[in-house]
Amino acid sequence: MGRHHKEIFTDEGIDRRETGYYSTPRFVADFIANEMLFINPDGHYVLDPAVGKEELLEVFHDLGKEIDGIDIEDYGVHSRAQFIHQDFIQFYHQQIKNSIFQRTSPKYDYYIANPPYNCHEVDYIRKNKRLLQSLFSDIGVSNMYSMYICALIDLAKEGSLIGLITYDSFLTARAHTPLRKKILSECSIHRLVLCPTD
């Protein structure tokens, strides 16, 4: 018997758990962007690695920042970002390989994300286990959002900012102990806001 997950439908009648797409409310997107811009108002380049329908990017776009948006799904919204139709984990893998051989420097000043949470991550992890274990040997491969957090930390240059929405289980779950250690050893935490599920 499998576990039954509560279905959560979008306005279009699609179960959000099927696609892993959870839109970000405007006030949340604005809050994260404005906090990042308060800390560093002078950055120029932005990356959203799970860009979806570009909800997180309006503030950056209105200020004329250069924005790249990556997503494995093309939702047809490309007015704020240069869209890259790719799996972010594959993008991360390419960047890691390139930095080893070419000594390239990451360009992004801001990383903003609402990483994917979906019921297909178990299949994705199982199908890509060898690669994922090699990429995330320091934190493990328990779920997608922890791998996204790790990848963003690894890609970020000194002084760049990461603003994201994620489950709070990374704060307490035993499986995320290595991720917590990575965050505490490699990042400065400016703000942590716990929100209700609705």
# chains A, B, ... in the order shown; residues from 1 in each chain; ligands from 1
call {"tool": "residues_around", "arguments": {"residues": "Lys107 in chain A", "least_positions_apart": "6", "cutoff": "9 Å", "atoms": "only C-alpha atoms", "output": "ChimeraX atom specification"}}
result
/A:44-46,156-157
call {"tool": "select_by_dssp", "arguments": {"residues": "range 155-193 of chain A", "states": "helix (DSSP H, G or I)", "output": "list in words"}}
result
Leu155, Asp168, Ser169, Phe170, Leu171, Arg174, Ala175, His176, Thr177, Pro178, Leu179, Arg180, Lys181, Lys182, Ile183, Leu184, Ser185 and Glu186 of chain A
call {"tool": "residues_around", "arguments": {"residues": "Ile39 in chain A", "least_positions_apart": "4", "cutoff": "12 Å", "atoms": "only C-alpha atoms", "output": "ChimeraX atom specification"}}
result
/A:32-35,43,109-110,159-163,188-191
call {"tool": "write_last_selection", "arguments": {"atoms": "N, CA and C atoms", "output": "CSV table (one decimal), in the first residue's frame"}}
result
chain,number,residue,atom,x,y,z
A,32,ILE,N,11.5,38.7,0.1
A,32,ILE,CA,12.8,38.1,-0.1
A,32,ILE,C,13.7,39.0,-1.0
A,33,ALA,N,13.2,39.5,-2.1
A,33,ALA,CA,14.0,40.3,-3.0
A,33,ALA,C,14.4,41.6,-2.3
A,34,ASN,N,13.5,42.2,-1.6
A,34,ASN,CA,13.8,43.5,-0.9
A,34,ASN,C,14.8,43.3,0.2
A,35,GLU,N,14.7,42.2,0.9
A,35,GLU,CA,15.7,41.9,1.9
A,35,GLU,C,17.1,41.7,1.3
A,43,GLY,N,24.4,44.7,-6.5
A,43,GLY,CA,24.6,43.6,-7.4
A,43,GLY,C,23.9,43.8,-8.7
A,109,ASP,N,25.1,37.6,-8.3
A,109,ASP,CA,25.2,38.3,-7.1
A,109,ASP,C,24.0,37.9,-6.2
A,110,TYR,N,22.9,37.4,-6.8
A,110,TYR,CA,21.7,37.0,-6.1
A,110,TYR,C,21.2,35.6,-6.6
A,159,GLY,N,30.3,36.7,-1.1
A,159,GLY,CA,29.5,37.9,-1.0
A,159,GLY,C,28.2,37.8,-1.7
A,160,SER,N,27.9,36.8,-2.5
A,160,SER,CA,26.6,36.7,-3.1
A,160,SER,C,25.5,36.3,-2.1
A,161,LEU,N,24.3,36.5,-2.4
A,161,LEU,CA,23.2,36.3,-1.5
A,161,LEU,C,22.3,35.2,-2.0
A,162,ILE,N,21.8,34.4,-1.1
A,162,ILE,CA,20.9,33.3,-1.4
A,162,ILE,C,19.6,33.6,-0.6
A,163,GLY,N,18.5,33.7,-1.3
A,163,GLY,CA,17.2,33.9,-0.7
A,163,GLY,C,16.3,32.8,-1.2
A,188,SER,N,26.7,33.1,6.0
A,188,SER,CA,26.3,34.0,7.1
A,188,SER,C,24.8,34.0,6.9
A,189,ILE,N,24.0,33.8,8.0
A,189,ILE,CA,22.6,33.8,7.9
A,189,ILE,C,22.1,35.2,8.3
A,190,HIS,N,21.5,35.9,7.4
A,190,HIS,CA,21.0,37.2,7.7
A,190,HIS,C,19.6,37.2,8.3
A,191,ARG,N,18.7,36.3,7.8
A,191,ARG,CA,17.4,36.3,8.3
A,191,ARG,C,16.8,34.9,8.1
call {"tool": "residues_around", "arguments": {"residues": "range 81-85 of chain A", "least_positions_apart": "6", "cutoff": "8 Å", "atoms": "only C-alpha atoms", "output": "PyMOL selection string"}}
result
chain A and resi 54+57+61+66-74
call {"tool": "select_by_dssp", "arguments": {"residues": "range 155-189 of chain A", "states": "strand (DSSP E or B)", "output": "PDB file with all heavy atoms, in the first residue's frame"}}
result
ATOM      1  N   LEU A 161      24.294  36.528  -2.416  1.00  0.00           N
ATOM      2  CA  LEU A 161      23.204  36.265  -1.481  1.00  0.00           C
ATOM      3  C   LEU A 161      22.294  35.170  -2.007  1.00  0.00           C
ATOM      4  O   LEU A 161      22.048  35.087  -3.211  1.00  0.00           O
ATOM      5  CB  LEU A 161      22.384  37.540  -1.270  1.00  0.00           C
ATOM      6  CG  LEU A 161      23.147  38.689  -0.610  1.00  0.00           C
ATOM      7  CD1 LEU A 161      22.350  39.975  -0.713  1.00  0.00           C
ATOM      8  CD2 LEU A 161      23.440  38.367   0.837  1.00  0.00           C
ATOM      9  N   ILE A 162      21.801  34.356  -1.093  1.00  0.00           N
ATOM     10  CA  ILE A 162      20.852  33.293  -1.417  1.00  0.00           C
ATOM     11  C   ILE A 162      19.577  33.561  -0.623  1.00  0.00           C
ATOM     12  O   ILE A 162      19.617  33.642   0.604  1.00  0.00           O
ATOM     13  CB  ILE A 162      21.410  31.905  -1.048  1.00  0.00           C
ATOM     14  CG1 ILE A 162      22.712  31.632  -1.798  1.00  0.00           C
ATOM     15  CG2 ILE A 162      20.366  30.819  -1.325  1.00  0.00           C
ATOM     16  CD1 ILE A 162      23.456  30.394  -1.307  1.00  0.00           C
ATOM     17  N   GLY A 163      18.473  33.708  -1.326  1.00  0.00           N
ATOM     18  CA  GLY A 163      17.176  33.867  -0.681  1.00  0.00           C
ATOM     19  C   GLY A 163      16.276  32.758  -1.179  1.00  0.00           C
ATOM     20  O   GLY A 163      16.116  32.596  -2.382  1.00  0.00           O
ATOM     21  N   LEU A 164      15.711  31.975  -0.242  1.00  0.00           N
ATOM     22  CA  LEU A 164      14.892  30.867  -0.713  1.00  0.00           C
ATOM     23  C   LEU A 164      13.765  30.522   0.231  1.00  0.00           C
ATOM     24  O   LEU A 164      13.758  30.907   1.393  1.00  0.00           O
ATOM     25  CB  LEU A 164      15.754  29.644  -1.001  1.00  0.00           C
ATOM     26  CG  LEU A 164      16.658  29.086   0.093  1.00  0.00           C
ATOM     27  CD1 LEU A 164      15.930  28.076   0.943  1.00  0.00           C
ATOM     28  CD2 LEU A 164      17.873  28.463  -0.521  1.00  0.00           C
TER      29      LEU A 164
END
call {"tool": "decode", "arguments": {"residues": "range 13-155 of chain A", "atoms": "C-alpha atoms", "output": "PDB file, in the first residue's frame"}}
result
ATOM      1  CA  GLY A  13      -7.281  22.109 -12.028  1.00  0.00           C
ATOM      2  CA  ILE A  14      -3.829  20.507 -11.918  1.00  0.00           C
ATOM      3  CA  ASP A  15      -2.632  18.717  -8.782  1.00  0.00           C
ATOM      4  CA  ARG A  16       0.418  20.723  -7.648  1.00  0.00           C
ATOM      5  CA  ARG A  17       2.076  17.616  -6.222  1.00  0.00           C
ATOM      6  CA  GLU A  18       2.135  16.089  -9.699  1.00  0.00           C
ATOM      7  CA  THR A  19       4.160  18.927 -11.196  1.00  0.00           C
ATOM      8  CA  GLY A  20       5.997  20.080  -8.076  1.00  0.00           C
ATOM      9  CA  TYR A  21       5.017  23.637  -8.995  1.00  0.00           C
ATOM     10  CA  TYR A  22       4.033  25.856  -6.102  1.00  0.00           C
ATOM     11  CA  SER A  23       3.561  29.504  -7.000  1.00  0.00           C
ATOM     12  CA  THR A  24       4.995  32.106  -4.655  1.00  0.00           C
ATOM     13  CA  PRO A  25       2.672  34.819  -3.353  1.00  0.00           C
ATOM     14  CA  ARG A  26       3.702  38.313  -4.455  1.00  0.00           C
ATOM     15  CA  PHE A  27       4.235  39.639  -0.915  1.00  0.00           C
ATOM     16  CA  VAL A  28       6.615  36.756  -0.147  1.00  0.00           C
ATOM     17  CA  ALA A  29       8.569  37.253  -3.368  1.00  0.00           C
ATOM     18  CA  ASP A  30       8.823  41.001  -2.732  1.00  0.00           C
ATOM     19  CA  PHE A  31       9.927  40.451   0.874  1.00  0.00           C
ATOM     20  CA  ILE A  32      12.768  38.114  -0.104  1.00  0.00           C
ATOM     21  CA  ALA A  33      13.966  40.294  -2.985  1.00  0.00           C
ATOM     22  CA  ASN A  34      13.825  43.503  -0.945  1.00  0.00           C
ATOM     23  CA  GLU A  35      15.744  41.916   1.941  1.00  0.00           C
ATOM     24  CA  MET A  36      18.458  40.778  -0.457  1.00  0.00           C
ATOM     25  CA  LEU A  37      18.620  44.215  -2.078  1.00  0.00           C
ATOM     26  CA  PHE A  38      18.813  45.898   1.329  1.00  0.00           C
ATOM     27  CA  ILE A  39      21.885  43.810   2.182  1.00  0.00           C
ATOM     28  CA  ASN A  40      23.465  44.356  -1.244  1.00  0.00           C
ATOM     29  CA  PRO A  41      21.850  47.060  -3.383  1.00  0.00           C
ATOM     30  CA  ASP A  42      24.723  47.071  -5.883  1.00  0.00           C
ATOM     31  CA  GLY A  43      24.553  43.564  -7.359  1.00  0.00           C
ATOM     32  CA  HIS A  44      23.725  43.122 -11.019  1.00  0.00           C
ATOM     33  CA  TYR A  45      23.154  39.427 -11.852  1.00  0.00           C
ATOM     34  CA  VAL A  46      20.312  37.212 -10.598  1.00  0.00           C
ATOM     35  CA  LEU A  47      19.679  33.469 -10.959  1.00  0.00           C
ATOM     36  CA  ASP A  48      16.425  31.683 -10.194  1.00  0.00           C
ATOM     37  CA  PRO A  49      17.166  27.944 -10.569  1.00  0.00           C
ATOM     38  CA  ALA A  50      13.502  26.888 -10.392  1.00  0.00           C
ATOM     39  CA  VAL A  51      12.011  29.883 -12.186  1.00  0.00           C
ATOM     40  CA  GLY A  52       8.541  28.504 -12.896  1.00  0.00           C
ATOM     41  CA  LYS A  53       6.386  31.477 -13.888  1.00  0.00           C
ATOM     42  CA  GLU A  54       8.931  34.087 -12.704  1.00  0.00           C
ATOM     43  CA  GLU A  55       7.021  35.093  -9.544  1.00  0.00           C
ATOM     44  CA  LEU A  56      10.219  35.761  -7.568  1.00  0.00           C
ATOM     45  CA  LEU A  57      11.738  38.139 -10.091  1.00  0.00           C
ATOM     46  CA  GLU A  58       9.547  41.229 -10.365  1.00  0.00           C
ATOM     47  CA  VAL A  59      11.505  43.447  -7.960  1.00  0.00           C
ATOM     48  CA  PHE A  60      14.827  42.550  -9.593  1.00  0.00           C
ATOM     49  CA  HIS A  61      13.369  43.057 -13.068  1.00  0.00           C
ATOM     50  CA  ASP A  62      11.915  46.458 -12.174  1.00  0.00           C
ATOM     51  CA  LEU A  63      15.394  47.557 -11.024  1.00  0.00           C
ATOM     52  CA  GLY A  64      16.985  46.501 -14.321  1.00  0.00           C
ATOM     53  CA  LYS A  65      18.974  43.544 -12.979  1.00  0.00           C
ATOM     54  CA  GLU A  66      20.119  40.909 -15.475  1.00  0.00           C
ATOM     55  CA  ILE A  67      18.231  37.710 -14.713  1.00  0.00           C
ATOM     56  CA  ASP A  68      18.668  34.098 -15.757  1.00  0.00           C
ATOM     57  CA  GLY A  69      15.908  31.622 -14.980  1.00  0.00           C
ATOM     58  CA  ILE A  70      16.340  27.856 -15.145  1.00  0.00           C
ATOM     59  CA  ASP A  71      13.578  25.284 -15.100  1.00  0.00           C
ATOM     60  CA  ILE A  72      13.084  21.715 -16.244  1.00  0.00           C
ATOM     61  CA  GLU A  73       9.536  22.719 -17.286  1.00  0.00           C
ATOM     62  CA  ASP A  74       8.751  25.564 -19.663  1.00  0.00           C
ATOM     63  CA  TYR A  75       5.674  27.383 -18.359  1.00  0.00           C
ATOM     64  CA  GLY A  76       5.833  29.888 -21.227  1.00  0.00           C
ATOM     65  CA  VAL A  77       6.496  32.940 -19.043  1.00  0.00           C
ATOM     66  CA  HIS A  78       9.727  34.642 -20.167  1.00  0.00           C
ATOM     67  CA  SER A  79       9.172  38.366 -19.685  1.00  0.00           C
ATOM     68  CA  ARG A  80      11.581  38.941 -16.781  1.00  0.00           C
ATOM     69  CA  ALA A  81      14.389  36.412 -17.259  1.00  0.00           C
ATOM     70  CA  GLN A  82      16.584  34.882 -19.899  1.00  0.00           C
ATOM     71  CA  PHE A  83      15.074  31.390 -19.799  1.00  0.00           C
ATOM     72  CA  ILE A  84      17.307  28.312 -19.712  1.00  0.00           C
ATOM     73  CA  HIS A  85      15.308  25.121 -20.298  1.00  0.00           C
ATOM     74  CA  GLN A  86      17.368  22.702 -18.236  1.00  0.00           C
ATOM     75  CA  ASP A  87      17.438  20.566 -15.121  1.00  0.00           C
ATOM     76  CA  PHE A  88      19.155  22.737 -12.480  1.00  0.00           C
ATOM     77  CA  ILE A  89      21.055  19.755 -11.076  1.00  0.00           C
ATOM     78  CA  GLN A  90      22.522  19.141 -14.546  1.00  0.00           C
ATOM     79  CA  PHE A  91      23.352  22.875 -14.795  1.00  0.00           C
ATOM     80  CA  TYR A  92      25.084  22.659 -11.411  1.00  0.00           C
ATOM     81  CA  HIS A  93      27.011  19.578 -12.545  1.00  0.00           C
ATOM     82  CA  GLN A  94      28.210  21.418 -15.669  1.00  0.00           C
ATOM     83  CA  GLN A  95      29.235  24.466 -13.636  1.00  0.00           C
ATOM     84  CA  ILE A  96      31.197  22.333 -11.179  1.00  0.00           C
ATOM     85  CA  LYS A  97      33.008  20.542 -14.037  1.00  0.00           C
ATOM     86  CA  ASN A  98      33.717  23.840 -15.820  1.00  0.00           C
ATOM     87  CA  SER A  99      35.070  25.517 -12.703  1.00  0.00           C
ATOM     88  CA  ILE A 100      37.494  22.642 -12.142  1.00  0.00           C
ATOM     89  CA  PHE A 101      38.870  22.757 -15.665  1.00  0.00           C
ATOM     90  CA  GLN A 102      38.460  26.400 -16.667  1.00  0.00           C
ATOM     91  CA  ARG A 103      38.662  28.212 -13.328  1.00  0.00           C
ATOM     92  CA  THR A 104      35.537  30.167 -14.232  1.00  0.00           C
ATOM     93  CA  SER A 105      34.120  32.527 -11.639  1.00  0.00           C
ATOM     94  CA  PRO A 106      30.379  32.522 -10.912  1.00  0.00           C
ATOM     95  CA  LYS A 107      28.741  35.760 -11.994  1.00  0.00           C
ATOM     96  CA  TYR A 108      25.580  35.818  -9.908  1.00  0.00           C
ATOM     97  CA  ASP A 109      25.162  38.298  -7.058  1.00  0.00           C
ATOM     98  CA  TYR A 110      21.713  36.988  -6.074  1.00  0.00           C
ATOM     99  CA  TYR A 111      20.276  33.468  -6.057  1.00  0.00           C
ATOM    100  CA  ILE A 112      16.551  33.393  -5.364  1.00  0.00           C
ATOM    101  CA  ALA A 113      14.552  30.177  -5.344  1.00  0.00           C
ATOM    102  CA  ASN A 114      11.451  28.267  -4.418  1.00  0.00           C
ATOM    103  CA  PRO A 115      12.984  24.810  -5.006  1.00  0.00           C
ATOM    104  CA  PRO A 116      10.810  21.937  -6.226  1.00  0.00           C
ATOM    105  CA  TYR A 117       8.881  19.741  -3.839  1.00  0.00           C
ATOM    106  CA  ASN A 118       7.082  16.951  -5.597  1.00  0.00           C
ATOM    107  CA  CYS A 119       6.095  13.356  -5.359  1.00  0.00           C
ATOM    108  CA  HIS A 120       8.386  12.413  -8.264  1.00  0.00           C
ATOM    109  CA  GLU A 121      11.631  13.269  -6.487  1.00  0.00           C
ATOM    110  CA  VAL A 122      12.000   9.676  -5.277  1.00  0.00           C
ATOM    111  CA  ASP A 123      12.001   8.471  -8.906  1.00  0.00           C
ATOM    112  CA  TYR A 124      14.400  11.245  -9.942  1.00  0.00           C
ATOM    113  CA  ILE A 125      16.810  10.401  -7.119  1.00  0.00           C
ATOM    114  CA  ARG A 126      16.607   6.668  -7.854  1.00  0.00           C
ATOM    115  CA  LYS A 127      17.240   7.148 -11.593  1.00  0.00           C
ATOM    116  CA  ASN A 128      20.152   9.542 -11.021  1.00  0.00           C
ATOM    117  CA  LYS A 129      21.515   8.124  -7.776  1.00  0.00           C
ATOM    118  CA  ARG A 130      25.132   7.617  -8.843  1.00  0.00           C
ATOM    119  CA  LEU A 131      25.509  11.153 -10.202  1.00  0.00           C
ATOM    120  CA  LEU A 132      23.655  12.708  -7.264  1.00  0.00           C
ATOM    121  CA  GLN A 133      25.753  10.819  -4.725  1.00  0.00           C
ATOM    122  CA  SER A 134      28.924  12.071  -6.401  1.00  0.00           C
ATOM    123  CA  LEU A 135      27.647  15.667  -6.534  1.00  0.00           C
ATOM    124  CA  PHE A 136      26.223  15.751  -3.013  1.00  0.00           C
ATOM    125  CA  SER A 137      28.515  13.414  -1.108  1.00  0.00           C
ATOM    126  CA  ASP A 138      28.852  16.034   1.635  1.00  0.00           C
ATOM    127  CA  ILE A 139      25.121  16.282   2.454  1.00  0.00           C
ATOM    128  CA  GLY A 140      23.457  13.149   1.040  1.00  0.00           C
ATOM    129  CA  VAL A 141      20.597  12.814  -1.425  1.00  0.00           C
ATOM    130  CA  SER A 142      17.518  12.653   0.762  1.00  0.00           C
ATOM    131  CA  ASN A 143      15.408  15.145  -1.205  1.00  0.00           C
ATOM    132  CA  MET A 144      15.460  17.787  -3.923  1.00  0.00           C
ATOM    133  CA  TYR A 145      15.261  20.932  -1.823  1.00  0.00           C
ATOM    134  CA  SER A 146      18.309  19.967   0.247  1.00  0.00           C
ATOM    135  CA  MET A 147      20.269  19.308  -2.960  1.00  0.00           C
ATOM    136  CA  TYR A 148      19.159  22.681  -4.362  1.00  0.00           C
ATOM    137  CA  ILE A 149      20.320  24.434  -1.190  1.00  0.00           C
ATOM    138  CA  CYS A 150      23.677  22.660  -1.330  1.00  0.00           C
ATOM    139  CA  ALA A 151      24.126  23.434  -5.043  1.00  0.00           C
ATOM    140  CA  LEU A 152      23.327  27.118  -4.501  1.00  0.00           C
ATOM    141  CA  ILE A 153      25.894  27.341  -1.708  1.00  0.00           C
ATOM    142  CA  ASP A 154      28.505  25.628  -3.881  1.00  0.00           C
ATOM    143  CA  LEU A 155      27.812  27.922  -6.856  1.00  0.00           C
TER     144      LEU A 155
END
